[in-house]
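Below is the file run-v7.cif, which contains mmCIF, C-alpha atoms and all ligand atoms.
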```cif
data_input
#
loop_
_atom_site.group_PDB
_atom_site.id
_atom_site.type_symbol
_atom_site.label_atom_id
_atom_site.label_comp_id
_atom_site.auth_asym_id
_atom_site.auth_seq_id
_atom_site.Cartn_x
_atom_site.Cartn_y
_atom_site.Cartn_z
ATOM 1 C CA ALA A 1 66.045 -17.265 -39.362
ATOM 2 C CA GLU A 2 66.638 -20.187 -37.052
ATOM 3 C CA GLN A 3 65.422 -23.504 -38.266
ATOM 4 C CA VAL A 4 62.397 -24.871 -36.458
ATOM 5 C CA THR A 5 63.000 -28.504 -35.568
ATOM 6 C CA ALA A 6 60.459 -31.247 -36.145
ATOM 7 C CA GLY A 7 60.036 -31.528 -32.378
ATOM 8 C CA GLU A 8 59.243 -27.832 -32.023
ATOM 9 C CA GLN A 9 56.808 -28.008 -34.934
ATOM 10 C CA VAL A 10 54.723 -30.717 -33.310
ATOM 11 C CA LYS A 11 55.341 -29.647 -29.680
ATOM 12 C CA TYR A 12 57.267 -32.885 -29.097
ATOM 13 C CA THR A 13 54.074 -34.883 -29.444
ATOM 14 C CA ILE A 14 53.489 -38.198 -31.178
ATOM 15 C CA THR A 15 49.797 -38.724 -31.904
ATOM 16 C CA GLY A 16 48.991 -42.222 -30.689
ATOM 17 C CA THR A 17 46.145 -44.711 -30.841
ATOM 18 C CA ASP A 18 44.351 -47.093 -28.468
ATOM 19 C CA PRO A 19 46.048 -47.866 -25.143
ATOM 20 C CA GLY A 20 47.300 -51.440 -24.965
ATOM 21 C CA SER A 21 47.753 -51.749 -28.706
ATOM 22 C CA GLY A 22 51.033 -53.019 -30.041
ATOM 23 C CA LEU A 23 51.819 -49.689 -31.643
ATOM 24 C CA MET A 24 51.612 -47.884 -28.301
ATOM 25 C CA ARG A 25 54.018 -50.345 -26.668
ATOM 26 C CA LEU A 26 56.425 -50.211 -29.621
ATOM 27 C CA THR A 27 56.279 -46.426 -29.767
ATOM 28 C CA ALA A 28 57.136 -46.161 -26.059
ATOM 29 C CA GLN A 29 60.068 -48.449 -26.862
ATOM 30 C CA ALA A 30 61.030 -46.301 -29.869
ATOM 31 C CA MET A 31 61.073 -43.212 -27.648
ATOM 32 C CA GLU A 32 63.681 -44.999 -25.518
ATOM 33 C CA ASP A 33 65.656 -46.466 -28.403
ATOM 34 C CA TYR A 34 65.847 -43.127 -30.223
ATOM 35 C CA ASP A 35 66.357 -41.039 -27.086
ATOM 36 C CA LEU A 36 63.122 -39.035 -27.373
ATOM 37 C CA SER A 37 62.656 -38.678 -23.617
ATOM 38 C CA ASN A 38 61.297 -35.115 -23.954
ATOM 39 C CA TRP A 39 58.506 -36.307 -26.291
ATOM 40 C CA THR A 40 54.956 -37.257 -25.306
ATOM 41 C CA LEU A 41 52.882 -40.034 -26.820
ATOM 42 C CA THR A 42 49.149 -39.240 -26.660
ATOM 43 C CA GLU A 43 46.477 -41.910 -26.241
ATOM 44 C CA SER A 44 43.451 -42.004 -28.485
ATOM 45 C CA SER A 45 41.733 -44.602 -30.666
ATOM 46 C CA ALA A 46 42.131 -45.618 -34.279
ATOM 47 C CA ALA A 47 39.261 -43.270 -35.202
ATOM 48 C CA GLY A 48 40.602 -40.476 -32.988
ATOM 49 C CA MET A 49 44.062 -40.799 -34.475
ATOM 50 C CA THR A 50 42.809 -40.589 -38.059
ATOM 51 C CA ALA A 51 40.569 -37.630 -37.156
ATOM 52 C CA GLN A 52 43.609 -35.777 -35.829
ATOM 53 C CA LEU A 53 45.568 -36.719 -38.935
ATOM 54 C CA ASP A 54 42.728 -35.480 -41.153
ATOM 55 C CA ALA A 55 42.544 -32.136 -39.348
ATOM 56 C CA ALA A 56 46.311 -31.606 -39.536
ATOM 57 C CA TYR A 57 46.551 -32.735 -43.148
ATOM 58 C CA ASN A 58 43.770 -30.479 -44.382
ATOM 59 C CA ASN A 59 45.600 -27.514 -42.869
ATOM 60 C CA LYS A 60 49.057 -28.690 -43.951
ATOM 61 C CA GLN A 61 50.056 -28.709 -40.302
ATOM 62 C CA PRO A 62 52.928 -30.888 -39.117
ATOM 63 C CA ILE A 63 51.990 -34.097 -37.311
ATOM 64 C CA VAL A 64 53.922 -37.209 -36.233
ATOM 65 C CA PHE A 65 51.623 -40.173 -35.680
ATOM 66 C CA VAL A 66 51.495 -43.939 -35.334
ATOM 67 C CA ALA A 67 50.585 -45.691 -38.577
ATOM 68 C CA TRP A 68 49.989 -49.155 -39.902
ATOM 69 C CA SER A 69 49.202 -50.739 -43.211
ATOM 70 C CA PRO A 70 47.047 -51.964 -44.777
ATOM 71 C CA HIS A 71 45.031 -48.866 -43.905
ATOM 72 C CA TRP A 72 42.936 -46.495 -46.019
ATOM 73 C CA MET A 73 44.933 -43.515 -44.682
ATOM 74 C CA PHE A 74 47.662 -44.368 -47.204
ATOM 75 C CA ASN A 75 45.109 -44.148 -50.043
ATOM 76 C CA THR A 76 43.557 -40.921 -48.762
ATOM 77 C CA TYR A 77 46.652 -38.906 -47.844
ATOM 78 C CA ASP A 78 50.198 -38.636 -49.144
ATOM 79 C CA LEU A 79 52.108 -40.069 -46.168
ATOM 80 C CA LYS A 80 55.493 -41.604 -45.492
ATOM 81 C CA TYR A 81 56.733 -43.979 -42.835
ATOM 82 C CA LEU A 82 59.783 -42.730 -40.996
ATOM 83 C CA ASP A 83 62.840 -44.964 -41.408
ATOM 84 C CA ASP A 84 63.451 -47.119 -38.382
ATOM 85 C CA PRO A 85 67.159 -48.004 -38.567
ATOM 86 C CA LYS A 86 67.087 -49.632 -35.110
ATOM 87 C CA LEU A 87 64.170 -51.842 -36.213
ATOM 88 C CA THR A 88 62.171 -51.098 -33.074
ATOM 89 C CA TYR A 89 59.001 -51.841 -35.053
ATOM 90 C CA GLY A 90 60.572 -54.982 -36.553
ATOM 91 C CA GLU A 91 60.499 -56.171 -40.131
ATOM 92 C CA PRO A 92 57.232 -56.409 -42.082
ATOM 93 C CA GLU A 93 55.161 -59.038 -40.274
ATOM 94 C CA GLU A 94 51.980 -61.106 -40.539
ATOM 95 C CA ILE A 95 48.404 -61.076 -39.287
ATOM 96 C CA HIS A 96 47.553 -64.452 -37.772
ATOM 97 C CA THR A 97 44.309 -66.278 -37.157
ATOM 98 C CA ILE A 98 44.099 -67.572 -33.581
ATOM 99 C CA ALA A 99 41.611 -70.183 -32.353
ATOM 100 C CA ARG A 100 40.727 -71.364 -28.870
ATOM 101 C CA LEU A 101 41.986 -74.768 -27.815
ATOM 102 C CA GLY A 102 39.454 -77.451 -28.700
ATOM 103 C CA LEU A 103 37.916 -75.562 -31.609
ATOM 104 C CA LYS A 104 39.085 -78.154 -34.111
ATOM 105 C CA ASP A 105 37.033 -80.869 -32.374
ATOM 106 C CA ASP A 106 34.042 -78.687 -31.479
ATOM 107 C CA HIS A 107 33.614 -76.843 -34.801
ATOM 108 C CA PRO A 108 35.634 -78.658 -37.496
ATOM 109 C CA VAL A 109 33.928 -76.822 -40.384
ATOM 110 C CA ALA A 110 34.632 -73.354 -39.005
ATOM 111 C CA TYR A 111 38.121 -74.481 -38.018
ATOM 112 C CA GLU A 112 38.966 -75.682 -41.525
ATOM 113 C CA PHE A 113 37.656 -72.455 -43.070
ATOM 114 C CA LEU A 114 39.639 -70.322 -40.609
ATOM 115 C CA ASP A 115 42.724 -72.406 -41.257
ATOM 116 C CA ARG A 116 42.401 -71.720 -45.008
ATOM 117 C CA PHE A 117 41.391 -68.063 -44.706
ATOM 118 C CA HIS A 118 44.005 -65.733 -46.174
ATOM 119 C CA TRP A 119 43.814 -62.704 -48.430
ATOM 120 C CA THR A 120 45.863 -59.739 -49.626
ATOM 121 C CA ALA A 121 46.226 -56.114 -48.627
ATOM 122 C CA ASP A 122 44.399 -55.147 -51.825
ATOM 123 C CA ASP A 123 41.474 -57.430 -50.934
ATOM 124 C CA MET A 124 41.241 -55.946 -47.463
ATOM 125 C CA GLY A 125 41.648 -52.467 -48.926
ATOM 126 C CA GLU A 126 38.486 -52.856 -51.003
ATOM 127 C CA VAL A 127 36.446 -53.588 -47.891
ATOM 128 C CA MET A 128 38.171 -50.927 -45.794
ATOM 129 C CA ILE A 129 37.653 -48.197 -48.375
ATOM 130 C CA ASP A 130 33.956 -49.034 -48.809
ATOM 131 C CA ILE A 131 33.536 -48.752 -45.033
ATOM 132 C CA GLN A 132 35.507 -45.517 -44.958
ATOM 133 C CA ASN A 133 33.236 -44.173 -47.717
ATOM 134 C CA GLY A 134 30.233 -44.738 -45.482
ATOM 135 C CA MET A 135 29.080 -48.281 -46.215
ATOM 136 C CA ASP A 136 28.280 -50.305 -43.093
ATOM 137 C CA ALA A 137 30.761 -53.085 -42.378
ATOM 138 C CA GLU A 138 28.290 -55.891 -42.977
ATOM 139 C CA SER A 139 27.318 -54.569 -46.434
ATOM 140 C CA ALA A 140 30.955 -53.989 -47.382
ATOM 141 C CA ALA A 141 31.788 -57.554 -46.330
ATOM 142 C CA SER A 142 28.879 -59.096 -48.226
ATOM 143 C CA LYS A 143 29.711 -57.047 -51.323
ATOM 144 C CA TRP A 144 33.330 -58.241 -51.238
ATOM 145 C CA VAL A 145 32.386 -61.883 -50.665
ATOM 146 C CA GLU A 146 29.837 -61.884 -53.480
ATOM 147 C CA GLU A 147 32.318 -60.192 -55.852
ATOM 148 C CA ASN A 148 35.146 -62.599 -55.016
ATOM 149 C CA GLU A 149 33.501 -65.944 -55.437
ATOM 150 C CA ALA A 150 36.604 -67.820 -56.605
ATOM 151 C CA LYS A 151 38.652 -66.795 -53.573
ATOM 152 C CA VAL A 152 35.848 -67.524 -51.141
ATOM 153 C CA GLN A 153 35.233 -70.861 -52.823
ATOM 154 C CA GLU A 154 38.832 -71.890 -52.076
ATOM 155 C CA TRP A 155 38.218 -71.203 -48.389
ATOM 156 C CA ILE A 156 35.006 -73.230 -48.154
ATOM 157 C CA GLU A 157 35.441 -75.902 -50.847
ATOM 158 C CA GLY A 158 34.050 -79.228 -49.684
ATOM 159 C CA LEU A 159 32.874 -77.925 -46.295
ATOM 160 C CA GLU A 160 29.384 -79.046 -45.306
ATOM 161 C CA PRO A 161 27.410 -76.134 -43.767
ATOM 162 C CA VAL A 162 26.245 -76.604 -40.167
ATOM 163 C CA ASN A 163 22.813 -75.870 -38.794
ATOM 164 C CA GLY A 164 22.992 -72.636 -36.798
ATOM 165 C CA ASP A 165 25.828 -73.494 -34.394
ATOM 166 C CA PRO A 166 26.810 -70.363 -32.455
ATOM 167 C CA PHE A 167 30.248 -68.947 -33.166
ATOM 168 C CA THR A 168 31.945 -65.919 -31.628
ATOM 169 C CA LEU A 169 34.797 -63.838 -33.024
ATOM 170 C CA SER A 170 36.483 -61.051 -31.086
ATOM 171 C CA PHE A 171 38.035 -57.993 -32.665
ATOM 172 C CA VAL A 172 39.281 -54.497 -31.881
ATOM 173 C CA MET A 173 37.894 -51.492 -33.754
ATOM 174 C CA TRP A 174 40.931 -51.079 -35.995
ATOM 175 C CA ASP A 175 39.951 -50.380 -39.598
ATOM 176 C CA SER A 176 41.918 -53.364 -40.872
ATOM 177 C CA GLU A 177 40.351 -55.755 -38.366
ATOM 178 C CA LEU A 178 36.822 -54.434 -38.811
ATOM 179 C CA ALA A 179 37.236 -55.377 -42.488
ATOM 180 C CA SER A 180 38.710 -58.856 -41.946
ATOM 181 C CA THR A 181 36.414 -59.806 -39.075
ATOM 182 C CA SER A 182 33.332 -58.677 -41.003
ATOM 183 C CA VAL A 183 34.273 -60.809 -44.011
ATOM 184 C CA VAL A 184 35.015 -63.878 -41.882
ATOM 185 C CA ARG A 185 31.804 -63.440 -39.904
ATOM 186 C CA TYR A 186 29.800 -63.097 -43.108
ATOM 187 C CA VAL A 187 31.273 -66.281 -44.605
ATOM 188 C CA LEU A 188 30.630 -68.218 -41.383
ATOM 189 C CA GLU A 189 27.053 -66.992 -41.303
ATOM 190 C CA GLU A 190 26.008 -66.952 -44.967
ATOM 191 C CA LYS A 191 28.130 -69.724 -46.468
ATOM 192 C CA LEU A 192 28.735 -72.131 -43.593
ATOM 193 C CA GLY A 193 25.500 -71.997 -41.607
ATOM 194 C CA TYR A 194 26.802 -70.625 -38.308
ATOM 195 C CA LYS A 195 25.051 -68.109 -36.125
ATOM 196 C CA ALA A 196 28.179 -65.973 -35.991
ATOM 197 C CA GLU A 197 28.752 -62.840 -33.970
ATOM 198 C CA ALA A 198 31.655 -60.406 -33.903
ATOM 199 C CA LEU A 199 32.323 -59.049 -30.431
ATOM 200 C CA GLN A 200 34.019 -55.657 -30.372
ATOM 201 C CA VAL A 201 36.398 -55.449 -27.416
ATOM 202 C CA GLU A 202 39.733 -53.907 -26.446
ATOM 203 C CA ILE A 203 42.995 -55.597 -27.263
ATOM 204 C CA GLY A 204 43.540 -57.350 -23.902
ATOM 205 C CA PRO A 205 40.072 -58.936 -23.833
ATOM 206 C CA MET A 206 40.433 -59.892 -27.499
ATOM 207 C CA TRP A 207 43.370 -62.152 -26.609
ATOM 208 C CA ILE A 208 42.080 -63.246 -23.208
ATOM 209 C CA GLY A 209 38.660 -64.226 -24.580
ATOM 210 C CA VAL A 210 40.223 -66.703 -27.003
ATOM 211 C CA ALA A 211 42.770 -67.902 -24.419
ATOM 212 C CA ASN A 212 40.109 -68.722 -21.827
ATOM 213 C CA GLY A 213 37.740 -70.190 -24.418
ATOM 214 C CA ASP A 214 34.880 -67.654 -24.136
ATOM 215 C CA VAL A 215 35.569 -66.637 -27.721
ATOM 216 C CA ASP A 216 36.085 -69.134 -30.557
ATOM 217 C CA ALA A 217 38.620 -67.271 -32.666
ATOM 218 C CA MET A 218 40.028 -63.964 -33.877
ATOM 219 C CA VAL A 219 41.799 -62.911 -37.066
ATOM 220 C CA ALA A 220 43.670 -59.917 -35.651
ATOM 221 C CA ALA A 221 46.994 -61.116 -34.194
ATOM 222 C CA TRP A 222 49.872 -59.023 -35.531
ATOM 223 C CA LEU A 223 52.989 -61.200 -35.171
ATOM 224 C CA PRO A 224 55.752 -61.691 -34.359
ATOM 225 C CA VAL A 225 56.486 -58.172 -33.070
ATOM 226 C CA THR A 226 53.406 -55.967 -32.627
ATOM 227 C CA HIS A 227 51.511 -58.332 -30.309
ATOM 228 C CA ALA A 228 54.565 -60.171 -28.956
ATOM 229 C CA ASP A 229 53.621 -59.459 -25.326
ATOM 230 C CA TYR A 230 50.109 -60.937 -25.676
ATOM 231 C CA TRP A 231 51.407 -63.900 -27.630
ATOM 232 C CA GLU A 232 54.060 -64.687 -25.017
ATOM 233 C CA ARG A 233 51.537 -64.480 -22.207
ATOM 234 C CA TYR A 234 48.844 -66.701 -23.770
ATOM 235 C CA ALA A 235 50.597 -68.891 -26.377
ATOM 236 C CA ASP A 236 50.108 -72.148 -24.465
ATOM 237 C CA GLN A 237 46.340 -71.527 -24.278
ATOM 238 C CA LEU A 238 45.943 -70.770 -28.007
ATOM 239 C CA ASP A 239 45.931 -72.526 -31.372
ATOM 240 C CA ASP A 240 47.811 -70.437 -33.965
ATOM 241 C CA LEU A 241 46.356 -71.144 -37.408
ATOM 242 C CA GLY A 242 49.052 -69.110 -39.137
ATOM 243 C CA ALA A 243 49.026 -66.035 -41.353
ATOM 244 C CA ASN A 244 45.864 -64.727 -42.980
ATOM 245 C CA MET A 245 47.899 -61.853 -44.464
ATOM 246 C CA VAL A 246 51.620 -61.332 -44.963
ATOM 247 C CA ASN A 247 53.765 -58.249 -45.307
ATOM 248 C CA VAL A 248 51.909 -55.873 -42.989
ATOM 249 C CA LYS A 249 53.723 -52.977 -41.406
ATOM 250 C CA SER A 250 53.568 -50.480 -38.575
ATOM 251 C CA GLY A 251 55.638 -47.546 -37.404
ATOM 252 C CA LEU A 252 55.734 -43.790 -37.145
ATOM 253 C CA ALA A 253 54.626 -41.687 -40.092
ATOM 254 C CA VAL A 254 54.325 -38.066 -41.195
ATOM 255 C CA PRO A 255 52.644 -36.316 -44.125
ATOM 256 C CA ALA A 256 54.878 -36.198 -47.231
ATOM 257 C CA TYR A 257 54.903 -32.394 -46.985
ATOM 258 C CA MET A 258 57.160 -32.668 -43.913
ATOM 259 C CA GLU A 259 60.079 -32.883 -46.310
ATOM 260 C CA ASP A 260 62.917 -32.705 -43.790
ATOM 261 C CA VAL A 261 61.688 -35.536 -41.582
ATOM 262 C CA ASN A 262 62.459 -38.959 -43.025
ATOM 263 C CA SER A 263 63.740 -41.061 -40.148
ATOM 264 C CA ILE A 264 62.811 -41.473 -36.508
ATOM 265 C CA GLU A 265 66.348 -40.224 -35.898
ATOM 266 C CA ASP A 266 65.326 -36.863 -37.394
ATOM 267 C CA LEU A 267 62.970 -36.315 -34.446
ATOM 268 C CA LYS A 268 65.918 -36.132 -32.075
ATOM 269 C CA SER A 269 67.368 -32.791 -33.187
HETATM 270 N N1 LIG B 1 47.286 -51.813 -35.102
HETATM 271 C C1 LIG B 1 46.329 -52.320 -36.055
HETATM 272 C C2 LIG B 1 47.196 -52.787 -34.005
HETATM 273 C C3 LIG B 1 47.177 -54.070 -34.693
HETATM 274 C C4 LIG B 1 46.335 -53.778 -35.888
HETATM 275 C C5 LIG B 1 48.608 -51.800 -35.728
HETATM 276 C C6 LIG B 1 46.859 -50.489 -34.659
HETATM 277 C C7 LIG B 1 48.151 -52.659 -32.839
HETATM 278 O O1 LIG B 1 48.102 -53.474 -31.927
HETATM 279 O O2 LIG B 1 48.944 -51.709 -32.812
#
```

Please go through the file and, once you have read it, give me the structure as structure tokens.
Amino acid sequence: AEQVTAGEQVKYTITGTDPGSGLMRLTAQAMEDYDLSNWTLTESSAAGMTAQLDAAYNNKQPIVFVAWSPHWMFNTYDLKYLDDPKLTYGEPEEIHTIARLGLKDDHPVAYEFLDRFHWTADDMGEVMIDIQNGMDAESAASKWVEENEAKVQEWIEGLEPVNGDPFTLSFVMWDSELASTSVVRYVLEEKLGYKAEALQVEIGPMWIGVANGDVDAMVAAWLPVTHADYWERYADQLDDLGANMVNVKSGLAVPAYMEDVNSIEDLKS
């Protein structure tokens, strides 16, 4: 029998995520770099993408999708990133905390906490998995904060709580950023005395809100590659507080049972 190519198996479709996200831009670039002009990249959302993955996986159907880590999908399913020899998706990168200009003077306590805030993929994973298992984000965040007193103490050591100052974070409904933003919001509110809210928006408004000063900060900037276009556009209107997590990754992935597909180059044939 003739061999069915990976492209034929998935009808030349890459299952995508939210429009405007870094992964969508990079995947469009990958389709050029790897000469996949007859492929289609579908738009969805983080939740839509994982729902499609779940449906395919449970039926052992082939699927090629955009993936990033940390993410609970790698705990739930046996998946593999496709090799990216042209490095379209870059090397492992960082998630940065970004503040509006002037935040340091206006809210020095929040600023110092945000400047210190950093954690690991395992830390984030605990929150993400609780949320995935049905806990609401606020409860998952408070559980993690109360169980990780030593870490949280490092972030807030010596900071004098304020008296109900309003503080706004923006975030996109990506599982990783729901986890981080919920923890940061909880610490601002419960440990540092702010009246803190987390505004769920799309990626463009997340960056623009901080750049134009409507939003105080966000903890969801994937740099230097994934959000390079937003960073280049708004860098001079932003205060980059550096990495809150290192060694994060994004790319194309498939279920491990797609044994013959190991590199983006394998999609070409
Ligand atoms: N993500 C999750 C985002 C950043 C965080 C990889 C889906 C993206 O812009 O692609």

Since I can't run it myself right now, could you work out what the PyMOL selection byres (((chain A and resi 18) around 6) and not hetatm) selects here and report it as a JSON list (two decimals) with C-alpha atoms, in the frame of the given file?
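The result, stored in part.json:
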```
[["chain", "number", "residue", "atom", "x", "y", "z"],
["A", 17, "THR", "CA", 46.14, -44.71, -30.84],
["A", 19, "PRO", "CA", 46.05, -47.87, -25.14],
["A", 21, "SER", "CA", 47.75, -51.75, -28.71],
["A", 44, "SER", "CA", 43.45, -42.00, -28.48],
["A", 45, "SER", "CA", 41.73, -44.60, -30.67]]
```

Matched chain/residue IDs from the PyMOL selection byres (((not hetatm)) within 9 of (chain B and resi 1)), as a VMD selection string: chain A and resid 17 to 18 20 to 26 45 to 46 66 to 71 95 172 to 177 203 220 to 222 226 to 227 248 to 251

Interatomic distance (Å, one decimal) between atom CA of His118 of chain A and atom CA of Val225 of chain A: 19.6 Å

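Taking only C-alpha atoms into account, Gln29 of chain A lies nearest to A:Lys86 out of the set A:Lys143, A:Lys86, A:Arg185, A:Arg116.
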
Among the residues A:Gln61, A:Ser37, A:Thr181, A:Thr97, the one that comes closest to Asp115 of chain A [using all atoms listed in the file]: A:Thr97

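Separating atom CA of Asp260 of chain A from atom CA of Lys60 of chain A is a distance of 14.4 Å.
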
Taking the file as I've supplied it (selection: the PyMOL selection byres (((chain A and resi 237-239) around 6) and not hetatm)), which residues are included? Please answer as a compact mmCIF listing (two decimals) with C-alpha atoms, in the frame of the given file.
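So the final result, stored in selection_25.txt, reads:
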```txt
# COMPACT_ATOMS: atom_id res chain seq x y z
CA ILE A 98 44.10 -67.57 -33.58
CA ALA A 99 41.61 -70.18 -32.35
CA ARG A 100 40.73 -71.36 -28.87
CA LEU A 101 41.99 -74.77 -27.82
CA ALA A 211 42.77 -67.90 -24.42
CA TYR A 234 48.84 -66.70 -23.77
CA ALA A 235 50.60 -68.89 -26.38
CA ASP A 236 50.11 -72.15 -24.46
CA ASP A 240 47.81 -70.44 -33.97
```

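Picture a line from atom CA of Thr120 of chain A to atom CA of Ala179 of chain A; it runs 12.0 Å.
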
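The smallest atom-to-atom distance between Gly164 of chain A and any of A:Trp207, A:Met128, A:Gln3, A:Glu190, using all atoms listed in the file, is found for A:Glu190.
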
Near-Phe113 of chain A list (10 Å; only C-alpha atoms; drop same-chain fewer than 2 positions) as a list in words: Pro108, Val109, Ala110, Tyr111, Asp115, Arg116, Phe117, His118, Val152, Glu154, Trp155, Ile156, Glu157, Leu159, Val184, Val187, Leu188 and Leu192 of chain A

All residues 9 Å or closer to Asp266 of chain A, only C-alpha atoms, same chain fewer than 4 positions away omitted, as number ranges by chain: A: 5-6, 82, 260-262

From A:Glu149, A:Asp136, A:Asp214, A:Asp130, residue lying nearest Leu199 of chain A [only C-alpha atoms]: A:Asp214

Among the residues A:Lys104, A:His96, A:Lys151, A:Lys191, the one that comes closest to Asn247 of chain A [using only C-alpha atoms]: A:His96

Test item: which residues lie within 7 Å of (23.3, -77.4, -37.6) counting all atoms listed in the file, as a count of residues only: 4

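Nearest to Asp122 of chain A of all the residues A:His107, A:Phe167, A:Asn75, A:Tyr257 is A:Asn75, counting only C-alpha atoms.
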
Residues near Ala256 of chain A, cut-off 8 Å, only C-alpha atoms, skip fewer than 5 positions along chain, as a ChimeraX atom specification: /A:78-80

Could you add the missing atoms to segment 99-115 of chain A, up to N, CA and C atoms, and return them as a PDB file, keeping the file's coordinate frame?
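Okay, this is what ended up in part-v5.pdb:
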```
ATOM      1  N   ALA A  99      42.812 -69.482 -32.826  1.00  0.00           N
ATOM      2  CA  ALA A  99      41.611 -70.183 -32.353  1.00  0.00           C
ATOM      3  C   ALA A  99      41.779 -70.586 -30.894  1.00  0.00           C
ATOM      4  N   ARG A 100      40.661 -70.819 -30.230  1.00  0.00           N
ATOM      5  CA  ARG A 100      40.727 -71.364 -28.870  1.00  0.00           C
ATOM      6  C   ARG A 100      41.116 -72.834 -28.952  1.00  0.00           C
ATOM      7  N   LEU A 101      41.681 -73.343 -27.877  1.00  0.00           N
ATOM      8  CA  LEU A 101      41.986 -74.768 -27.815  1.00  0.00           C
ATOM      9  C   LEU A 101      40.671 -75.537 -27.891  1.00  0.00           C
ATOM     10  N   GLY A 102      40.670 -76.638 -28.602  1.00  0.00           N
ATOM     11  CA  GLY A 102      39.454 -77.451 -28.700  1.00  0.00           C
ATOM     12  C   GLY A 102      38.547 -77.090 -29.854  1.00  0.00           C
ATOM     13  N   LEU A 103      38.816 -75.981 -30.524  1.00  0.00           N
ATOM     14  CA  LEU A 103      37.916 -75.562 -31.609  1.00  0.00           C
ATOM     15  C   LEU A 103      37.864 -76.593 -32.735  1.00  0.00           C
ATOM     16  N   LYS A 104      39.003 -77.191 -33.010  1.00  0.00           N
ATOM     17  CA  LYS A 104      39.085 -78.154 -34.111  1.00  0.00           C
ATOM     18  C   LYS A 104      38.088 -79.306 -33.909  1.00  0.00           C
ATOM     19  N   ASP A 105      37.974 -79.782 -32.663  1.00  0.00           N
ATOM     20  CA  ASP A 105      37.033 -80.869 -32.374  1.00  0.00           C
ATOM     21  C   ASP A 105      35.600 -80.365 -32.306  1.00  0.00           C
ATOM     22  N   ASP A 106      35.403 -79.182 -31.709  1.00  0.00           N
ATOM     23  CA  ASP A 106      34.042 -78.687 -31.479  1.00  0.00           C
ATOM     24  C   ASP A 106      33.388 -78.163 -32.759  1.00  0.00           C
ATOM     25  N   HIS A 107      34.169 -77.471 -33.582  1.00  0.00           N
ATOM     26  CA  HIS A 107      33.614 -76.843 -34.801  1.00  0.00           C
ATOM     27  C   HIS A 107      34.558 -77.078 -35.980  1.00  0.00           C
ATOM     28  N   PRO A 108      34.655 -78.334 -36.445  1.00  0.00           N
ATOM     29  CA  PRO A 108      35.634 -78.658 -37.496  1.00  0.00           C
ATOM     30  C   PRO A 108      35.429 -77.884 -38.797  1.00  0.00           C
ATOM     31  N   VAL A 109      34.186 -77.543 -39.129  1.00  0.00           N
ATOM     32  CA  VAL A 109      33.928 -76.822 -40.384  1.00  0.00           C
ATOM     33  C   VAL A 109      34.470 -75.395 -40.289  1.00  0.00           C
ATOM     34  N   ALA A 110      34.121 -74.711 -39.207  1.00  0.00           N
ATOM     35  CA  ALA A 110      34.632 -73.354 -39.005  1.00  0.00           C
ATOM     36  C   ALA A 110      36.151 -73.378 -38.905  1.00  0.00           C
ATOM     37  N   TYR A 111      36.670 -74.385 -38.210  1.00  0.00           N
ATOM     38  CA  TYR A 111      38.121 -74.481 -38.018  1.00  0.00           C
ATOM     39  C   TYR A 111      38.830 -74.610 -39.356  1.00  0.00           C
ATOM     40  N   GLU A 112      38.324 -75.475 -40.225  1.00  0.00           N
ATOM     41  CA  GLU A 112      38.966 -75.682 -41.525  1.00  0.00           C
ATOM     42  C   GLU A 112      38.908 -74.407 -42.371  1.00  0.00           C
ATOM     43  N   PHE A 113      37.762 -73.737 -42.348  1.00  0.00           N
ATOM     44  CA  PHE A 113      37.656 -72.455 -43.070  1.00  0.00           C
ATOM     45  C   PHE A 113      38.665 -71.440 -42.519  1.00  0.00           C
ATOM     46  N   LEU A 114      38.716 -71.299 -41.210  1.00  0.00           N
ATOM     47  CA  LEU A 114      39.639 -70.322 -40.609  1.00  0.00           C
ATOM     48  C   LEU A 114      41.089 -70.674 -40.907  1.00  0.00           C
ATOM     49  N   ASP A 115      41.372 -71.960 -40.947  1.00  0.00           N
ATOM     50  CA  ASP A 115      42.724 -72.406 -41.257  1.00  0.00           C
ATOM     51  C   ASP A 115      43.103 -72.034 -42.697  1.00  0.00           C
TER      52      ASP A 115
END
```
